[in-house]
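S.K.: If you scroll down you'll find the structure; I have some questions about it.
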Amino acid sequence: MGRGPLKDHPDQMQHLRWPVTATRLGMVAEQLVRAFWPLWTVVFLILAPLMMGWQDELHVEFLWGAAVVSVIAFLATAFWGVRRFRIPPRAAAVNRVDAAMPGRPIAAITDTQAIGGGDPASEAVWRAHMARMAERTKDAQFVEPDLRISDRDPYGLRFVALLFFVTALLFGSLLRVTSVGEIATGPEPTLATGPVWEGWIEAPAYTGKPSIYLNDVPPGPLRISTGSKVTLRLYGEVGALTVAETISGRTGEVGAASDAQQSFEVTQSGSLAIEGENGTGWQVVAIADQPPTVELTGPIESDADGELSQPFTAFDDYGVESGTATITLDLAAIERAHGLVIDPDPVEPLILDLPMPFTGDRSDFDEFLLENLSEHAFANLPVTLQLEVTDAAGQTGSTPAEPLILPGRRFFQPFAKAVIEQRRDLMWSKANVRRVNQILRAISHRPEGLFSSETTYLRLRTIIRRLDALADFGMDDDGQAEVVQALWDLAIQLEDGRLADARARLERAQERLAEAMRNGASDEEIAELMQELREATNDYMRMLAQEAEPGENGTDQRDTAENSFQFTQDELQALMDRIEELMQEGRMAEAQELMEQLNELMENMRVTQGEGGNGPQTPGQQSMQDLAETLRDQEDLSDEAFRDLQEQFNPGQQGQQGEQGQQGQQGQEGQQGQQGQQGQQGQNGERQGQGGQSGQGQGVGRDGQSGERGDNGAGGEGDERSLADRQRALREELERQRNGLPSLDGEAGEIARRALERAEGAMEGAEEALRDGDLAEAIDQQAEAMDALRNGMRQLGQALAENQSNEPGQGTEQGETAGRPVPGQRDPLGREIGNTGQLGTDQQMLGREEINRRAEELLDEIRRRSAEQNRPEIERDYLRRLLDQF
């Protein structure tokens, strides 16, 4: 097979003319770009400073040096491009078009048959092949050129030069390039062509407006901002051009109108004109900068801890720079009684900085002033609040003085309120030192019933002794600040009591667990830390219950929001179980999210004394509360059975520990039992009516436990029979609660009843084991009973949530505030969170089209995470096990 030239086939080349020609032109463009990109880069770098007018600012010597370098660079790059530029031949274009098609048909039609000539069959095949290739050449298309030169310009110099050139186009002018000729030829050519001028107007920087080149602005009206700087330059014979303007308002020393360079600021509207040959003029309208405005958009609010929240809005045409809030004591509105009768010490107004947006536009924004001023001298006193904002021009705007009561922390414990009142009087005037000292002495004269511990009493006595010294020798600012802080700390301790210690322990447990999440703790460490968190949470909630808010009949009552959120101890336990499960599976990110939600719940938790104060409970809520108490009683009973089992194997050590522990425990549990009875008298009348069967709730059960152990000692048959009797009472109480469950539709309600039945059976087995003296079997049966109880409570909570909208007397508010640990959260498949804190539920799994799509996305995400090498190995192992299951 041979090959002939393409020109021997003119009939087949007619339709190839356009794609070949276009491709060749593209190849020429490729050569131009690759050969002359340095030349274009140098040209842009030379033009950019000339268009910005650098030649007018630089010294002549430096300018000549830059010109020589520019010329050398221009000639070198031009020579470099000419040497490398080659016009591609037509054959190269044909070859590129041919290579872009499958089978290279253009080359095929130039071939000649080398063998088989004279054989009819072989010639027929050859003709068919040629016809097919000729037909394929009709699909020839233009091949786009490759204009990329990244391999030749790895540092992107061409883009840097282009950026300079575009910037010069925006802020400069091509006309400035012509001024280079003046430097080369001197002033004589300029005089020959006549006088010229140029000018600029630069707006204040805070306006964000660009500079205006007056030579490009036609005569007529011109709107500019007040404070803009006008710069004019006159070239040519002195006096040939003059400046006439009325926009600066200058009245002092003013230079001659023919000065070669003039500069002034725009202060008012007027005219600006260049008089003389080639002169022009404009009617300037000065746009004044408007002062900023600020308004209060709502009343001031505060929370229980005294943190105030004041909404406001601010506006300015160019943006607010800063703002302050001034709080001034309103003496005229203060009731001058008790320690406020005397004149106050001079107190400067309190000035706070207003919050400004970190990002975005400051010309119009809404913000909140958030501060906690509970410890300030103005707290809970009449004051006036005035906001003031300032713009970049120094102009200010303010609100009228708004009278209000400055929010501060509210104290509900009477003794704490008395201490805070004396603290206020001492801050009001140092002359109140003797009066405050006498009142505190009178309060502490009979401390019985006032102090929760000896520590608070001793702190008060220390403060009184310090006041004695200050009253004798005079009170200065340091002494006043010392006593004021001591009184505040005392009031906080009196108000919170042991609650502050419980809160600190809870925060410490949360911090340790969060650190374990970050460091990838082992399963044993996770279990230990979760147990610590559970104990701290239980202690904190018990302290909250003991420090419960006063009821409606009290003189002081905390403000509760209408949409307050309620939840139960069992829901908290379910949420913590879920956190522990996620951590053990290596899903630290999800565990961290739930941990943050738990922290938020604990921060916002409010326990009110007597549930009846919030209105009557529904049957479902009462059942959940009764089951929770039964579960706690079963846990206590199981703990005591375990202690008795330990005593059987190590009677000496356990007996000593039991005696030591009971001495400190009986008093505390007896007190808690009395509190439990008092709290349940208003709530669980039905349970109290059961008498000996129920043991009147948790408090009586604990008292009975303590009493029986005290009579029978540690271990022995009498103690085991006592445990069996109490187990029987718990079983009968659970049976009564199961029979009293509300009628609930759905599968969850039926599962809850079956779970409670299993719990009764396990309790019965535990009772028989206790009567037989088999403590190990009894503990196993009790563990099964507690597990069934928890499952039953979870299913009951889910059933209540499903039937809530159908229950009579359930309003929208109550339905929205049903106890849910994490409201509104959905699991990765889009399902709503369960009522007991479980992320995965069987609800709403059918009839949703997005389930398959969400499942596929979740599976892809698991695959992606399992392939990331930087993830912990334990997490990757867990992800691989998930993939094996699905």
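Lettering and numbering for the structure tokens are positional, with chains as A, B, ... in the shown order, residues counted from 1 in each chain, and ligands counted from 1 in the shown order.
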Extract, using only C-alpha atoms, all DNA, RNA and protein residues at most 9 Å from Arg753 of chain A, discarding same-chain residues fewer than 4 positions from it, and format them as a list in words.

M.R.: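 The neighbour list is Arg738, Leu741, Ala748, Gly749, Glu757, Arg758, Gly792, Gln795 and Leu796 of chain A.
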
S.K.: Include all heavy atoms and write out the residues we just selected as a short mmCIF file (atom, residue, chain, number, x, y, z; two decimals), in the first residue's frame.

M.R.:
data_model
loop_
_atom_site.label_atom_id
_atom_site.label_comp_id
_atom_site.auth_asym_id
_atom_site.auth_seq_id
_atom_site.Cartn_x
_atom_site.Cartn_y
_atom_site.Cartn_z
N ARG A 738 -49.71 -0.66 87.00
CA ARG A 738 -50.00 -1.23 85.67
C ARG A 738 -51.50 -1.26 85.41
O ARG A 738 -51.97 -0.96 84.30
CB ARG A 738 -49.42 -2.63 85.56
CG ARG A 738 -49.65 -3.29 84.20
CD ARG A 738 -48.95 -4.63 84.12
NE ARG A 738 -49.37 -5.55 85.16
CZ ARG A 738 -50.49 -6.30 85.09
NH1 ARG A 738 -51.28 -6.23 84.03
NH2 ARG A 738 -50.80 -7.11 86.08
N LEU A 741 -52.85 2.24 84.38
CA LEU A 741 -52.33 2.94 83.20
C LEU A 741 -53.47 3.47 82.35
O LEU A 741 -54.51 2.83 82.22
CB LEU A 741 -51.46 2.00 82.36
CG LEU A 741 -50.09 1.61 82.93
CD1 LEU A 741 -49.39 0.65 81.98
CD2 LEU A 741 -49.23 2.83 83.16
N ALA A 748 -46.93 0.70 70.89
CA ALA A 748 -46.05 1.08 71.99
C ALA A 748 -46.73 0.89 73.34
O ALA A 748 -46.11 0.44 74.31
CB ALA A 748 -45.60 2.53 71.83
N GLY A 749 -48.03 1.21 73.44
CA GLY A 749 -48.74 1.02 74.69
C GLY A 749 -48.82 -0.44 75.09
O GLY A 749 -48.66 -0.80 76.26
N GLU A 757 -45.44 -6.27 82.89
CA GLU A 757 -45.77 -7.62 83.35
C GLU A 757 -44.50 -8.44 83.57
O GLU A 757 -44.39 -9.19 84.56
CB GLU A 757 -46.69 -8.31 82.34
CG GLU A 757 -48.10 -7.72 82.29
CD GLU A 757 -48.95 -8.38 81.21
OE1 GLU A 757 -48.42 -9.28 80.50
OE2 GLU A 757 -50.14 -8.00 81.07
N ARG A 758 -43.52 -8.30 82.67
CA ARG A 758 -42.26 -9.01 82.87
C ARG A 758 -41.55 -8.50 84.12
O ARG A 758 -40.93 -9.28 84.85
CB ARG A 758 -41.35 -8.81 81.65
CG ARG A 758 -41.83 -9.53 80.41
CD ARG A 758 -40.70 -9.66 79.40
NE ARG A 758 -40.09 -8.39 79.08
CZ ARG A 758 -40.53 -7.57 78.12
NH1 ARG A 758 -41.58 -7.90 77.40
NH2 ARG A 758 -39.92 -6.41 77.89
N GLY A 792 -40.29 -0.54 79.82
CA GLY A 792 -41.70 -0.17 79.88
C GLY A 792 -41.91 1.33 79.94
O GLY A 792 -42.83 1.86 79.31
N GLN A 795 -41.32 2.79 76.41
CA GLN A 795 -42.45 2.53 75.52
C GLN A 795 -43.68 3.33 75.94
O GLN A 795 -44.44 3.81 75.10
CB GLN A 795 -42.76 1.03 75.51
CG GLN A 795 -41.64 0.17 74.95
CD GLN A 795 -41.36 0.49 73.50
OE1 GLN A 795 -42.24 0.89 72.74
NE2 GLN A 795 -40.10 0.32 73.09
N LEU A 796 -43.88 3.50 77.26
CA LEU A 796 -45.01 4.30 77.73
C LEU A 796 -44.85 5.76 77.31
O LEU A 796 -45.82 6.41 76.90
CB LEU A 796 -45.11 4.18 79.25
CG LEU A 796 -46.24 5.01 79.90
CD1 LEU A 796 -47.60 4.60 79.36
CD2 LEU A 796 -46.20 4.86 81.42
#

S.K.: Could you list, as a list in words, every residue within 9 Å of segment 581-590 of chain A, counting only C-alpha atoms and ignoring same-chain residues fewer than 4 positions away?

M.R.: Met517, Arg518, Gly520, Ala521, Ser522, Asp523, Ile526, Ala527, Met576, Asp577, Leu594, Met595, Pro872, Ile874, Glu875, Arg876, Asp877, Tyr878 and Leu879 of chain A

S.K.: I need the residues in segment 99-336 of chain A that are strand (DSSP E or B) according to DSSP; give them as a ChimeraX atom specification.

M.R.: /A:111-112,196-202,212-213,220-225,229-235,241-245,261-265,270-276,280-287,293-296,301-302,307-315,320-329

S.K.: Please give the complete set of residues from segment 20-98 of chain A that DSSP, run on the backbone, assigns to alpha helix (DSSP H), formatted as JSON, numbers by chain.

M.R.: {"A": [20, 21, 22, 23, 24, 25, 26, 27, 28, 29, 30, 31, 32, 33, 34, 35, 36, 37, 38, 39, 40, 41, 42, 43, 44, 45, 46, 47, 48, 49, 50, 51, 52, 60, 61, 62, 63, 64, 65, 66, 67, 68, 69, 70, 71, 72, 73, 74, 75, 76, 77, 78, 79, 80, 81, 82, 83, 84, 90, 91, 92, 93, 94, 95, 96, 97, 98]}

S.K.: Using only C-alpha atoms, which of A:Ala205, A:Ile287, A:Ala333, A:Leu350 sits nearest Leu222 of chain A?

M.R.: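 Nearest to Leu222 of chain A: A:Ile287.
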
S.K.: Distance atom CA of Ile463 of chain A-atom CA of Phe412 of chain A, one decimal place?

M.R.: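 So the two atoms, atom CA of Ile463 of chain A and atom CA of Phe412 of chain A, lie 21.7 Å apart.
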
S.K.: Measuring between only C-alpha atoms, which one of A:Ala393, A:Leu440, A:Leu631, A:Leu169 shows the shortest distance to Tyr318 of chain A?

M.R.: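 That would be A:Ala393, the residue with the smallest distance to Tyr318 of chain A.
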
S.K.: Any idea what the distance is between atom CA of Met356 of chain A and atom CA of Phe378 of chain A?

M.R.: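 Spanning atom CA of Met356 of chain A to atom CA of Phe378 of chain A is a straight-line distance of 24.8 Å.
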
S.K.: List the neighbours of Ala140 of chain A out to 9 Å using only C-alpha atoms; skip same-chain residues closer than 6 positions along the sequence, and give me the result as a list in words.

M.R.: His15, Leu16, Pro19, Val20, Val97, Asp98, Ala100 and Met101 of chain A

S.K.: Would you put the residues from that selection into a file with N, CA and C atoms, as a PDB file, in the first residue's frame?

M.R.:
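And here's again.pdb as it stands now:
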ATOM      1  N   HIS A  15     -14.850  19.680   1.210  1.00  0.00           N
ATOM      2  CA  HIS A  15     -15.515  19.854   2.498  1.00  0.00           C
ATOM      3  C   HIS A  15     -14.517  19.946   3.651  1.00  0.00           C
ATOM      4  N   LEU A  16     -13.219  19.736   3.405  1.00  0.00           N
ATOM      5  CA  LEU A  16     -12.201  19.846   4.454  1.00  0.00           C
ATOM      6  C   LEU A  16     -11.568  21.220   4.507  1.00  0.00           C
ATOM      7  N   PRO A  19     -12.648  23.359   8.024  1.00  0.00           N
ATOM      8  CA  PRO A  19     -12.030  22.902   9.277  1.00  0.00           C
ATOM      9  C   PRO A  19     -10.512  22.971   9.272  1.00  0.00           C
ATOM     10  N   VAL A  20      -9.890  22.725   8.117  1.00  0.00           N
ATOM     11  CA  VAL A  20      -8.434  22.797   8.069  1.00  0.00           C
ATOM     12  C   VAL A  20      -7.973  24.242   8.218  1.00  0.00           C
ATOM     13  N   VAL A  97      -6.375  17.893  12.191  1.00  0.00           N
ATOM     14  CA  VAL A  97      -7.781  17.566  11.980  1.00  0.00           C
ATOM     15  C   VAL A  97      -7.950  16.061  11.814  1.00  0.00           C
ATOM     16  N   ASP A  98      -7.027  15.455  11.070  1.00  0.00           N
ATOM     17  CA  ASP A  98      -7.109  14.015  10.837  1.00  0.00           C
ATOM     18  C   ASP A  98      -6.949  13.238  12.147  1.00  0.00           C
ATOM     19  N   ALA A 100      -7.837  14.100  15.056  1.00  0.00           N
ATOM     20  CA  ALA A 100      -8.999  14.251  15.930  1.00  0.00           C
ATOM     21  C   ALA A 100     -10.142  13.320  15.553  1.00  0.00           C
ATOM     22  N   MET A 101     -10.053  12.650  14.384  1.00  0.00           N
ATOM     23  CA  MET A 101     -11.117  11.741  13.946  1.00  0.00           C
ATOM     24  C   MET A 101     -10.653  10.302  14.113  1.00  0.00           C
TER      25      MET A 101
END

S.K.: Write out as a PyMOL selection string each polymer residue whose atoms come within 7 Å of segment 261-267 of chain A, counting only C-alpha atoms; drop sequence neighbours fewer than 4 positions from it.

M.R.: chain A and resi 226-234+247-249

S.K.: Those same residues - N, CA and C atoms - I'd like them written as a tab-separated table (two decimals), in the first residue's frame.

M.R.:
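Okay, this is what ended up in out-v6.tsv:
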chain	number	residue	atom	x	y	z
A	226	THR	N	-19.48	65.43	50.71
A	226	THR	CA	-18.84	66.47	51.50
A	226	THR	C	-17.59	65.92	52.17
A	227	GLY	N	-16.52	66.71	52.16
A	227	GLY	CA	-15.25	66.26	52.70
A	227	GLY	C	-14.32	65.67	51.66
A	228	SER	N	-14.77	65.59	50.40
A	228	SER	CA	-13.90	65.08	49.33
A	228	SER	C	-12.76	66.06	49.08
A	229	LYS	N	-11.59	65.53	48.68
A	229	LYS	CA	-10.42	66.34	48.44
A	229	LYS	C	-10.23	66.53	46.93
A	230	VAL	N	-10.14	67.79	46.52
A	230	VAL	CA	-9.96	68.14	45.11
A	230	VAL	C	-8.50	68.54	44.89
A	231	THR	N	-7.86	67.90	43.90
A	231	THR	CA	-6.47	68.21	43.55
A	231	THR	C	-6.42	68.61	42.09
A	232	LEU	N	-5.85	69.79	41.80
A	232	LEU	CA	-5.75	70.31	40.43
A	232	LEU	C	-4.30	70.65	40.13
A	233	ARG	N	-3.87	70.36	38.89
A	233	ARG	CA	-2.53	70.71	38.43
A	233	ARG	C	-2.65	71.45	37.10
A	234	LEU	N	-1.96	72.60	37.01
A	234	LEU	CA	-1.99	73.45	35.82
A	234	LEU	C	-0.61	73.44	35.19
A	247	ILE	N	-16.73	75.95	46.25
A	247	ILE	CA	-17.15	74.75	46.98
A	247	ILE	C	-16.31	74.50	48.23
A	248	SER	N	-15.21	75.18	48.40
A	248	SER	CA	-14.37	74.95	49.57
A	248	SER	C	-14.78	75.81	50.75
A	249	GLY	N	-15.39	76.97	50.46
A	249	GLY	CA	-15.79	77.87	51.53
A	249	GLY	C	-14.62	78.45	52.29

S.K.: Mind checking which residues fall within 8 Å of segment 79-93 of chain A, counting only C-alpha atoms, ignoring those fewer than 4 positions away in the same chain, and posting them as a ChimeraX atom specification?

M.R.: /A:20-21,23-24,27-28,31-32,35-36,38-39,75,97

S.K.: Show me, as a list in words, the residues that have an atom within 12 Å of Leu50 of chain A when counting only C-alpha atoms, minus same-chain residues fewer than 5 positions from it.

M.R.: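 Result of the neighbour search: Val43, Phe44, Leu45, Gln55, Asp56, Glu57, Leu58, Leu63, Ala66, Ala67, Ser70, Phe164, Phe165, Ala168, Leu169, Phe171, Gly172, Ser173, Leu174, Leu175, Arg176, Val177, Thr178, Ser179, Val180 and Gly181 of chain A.
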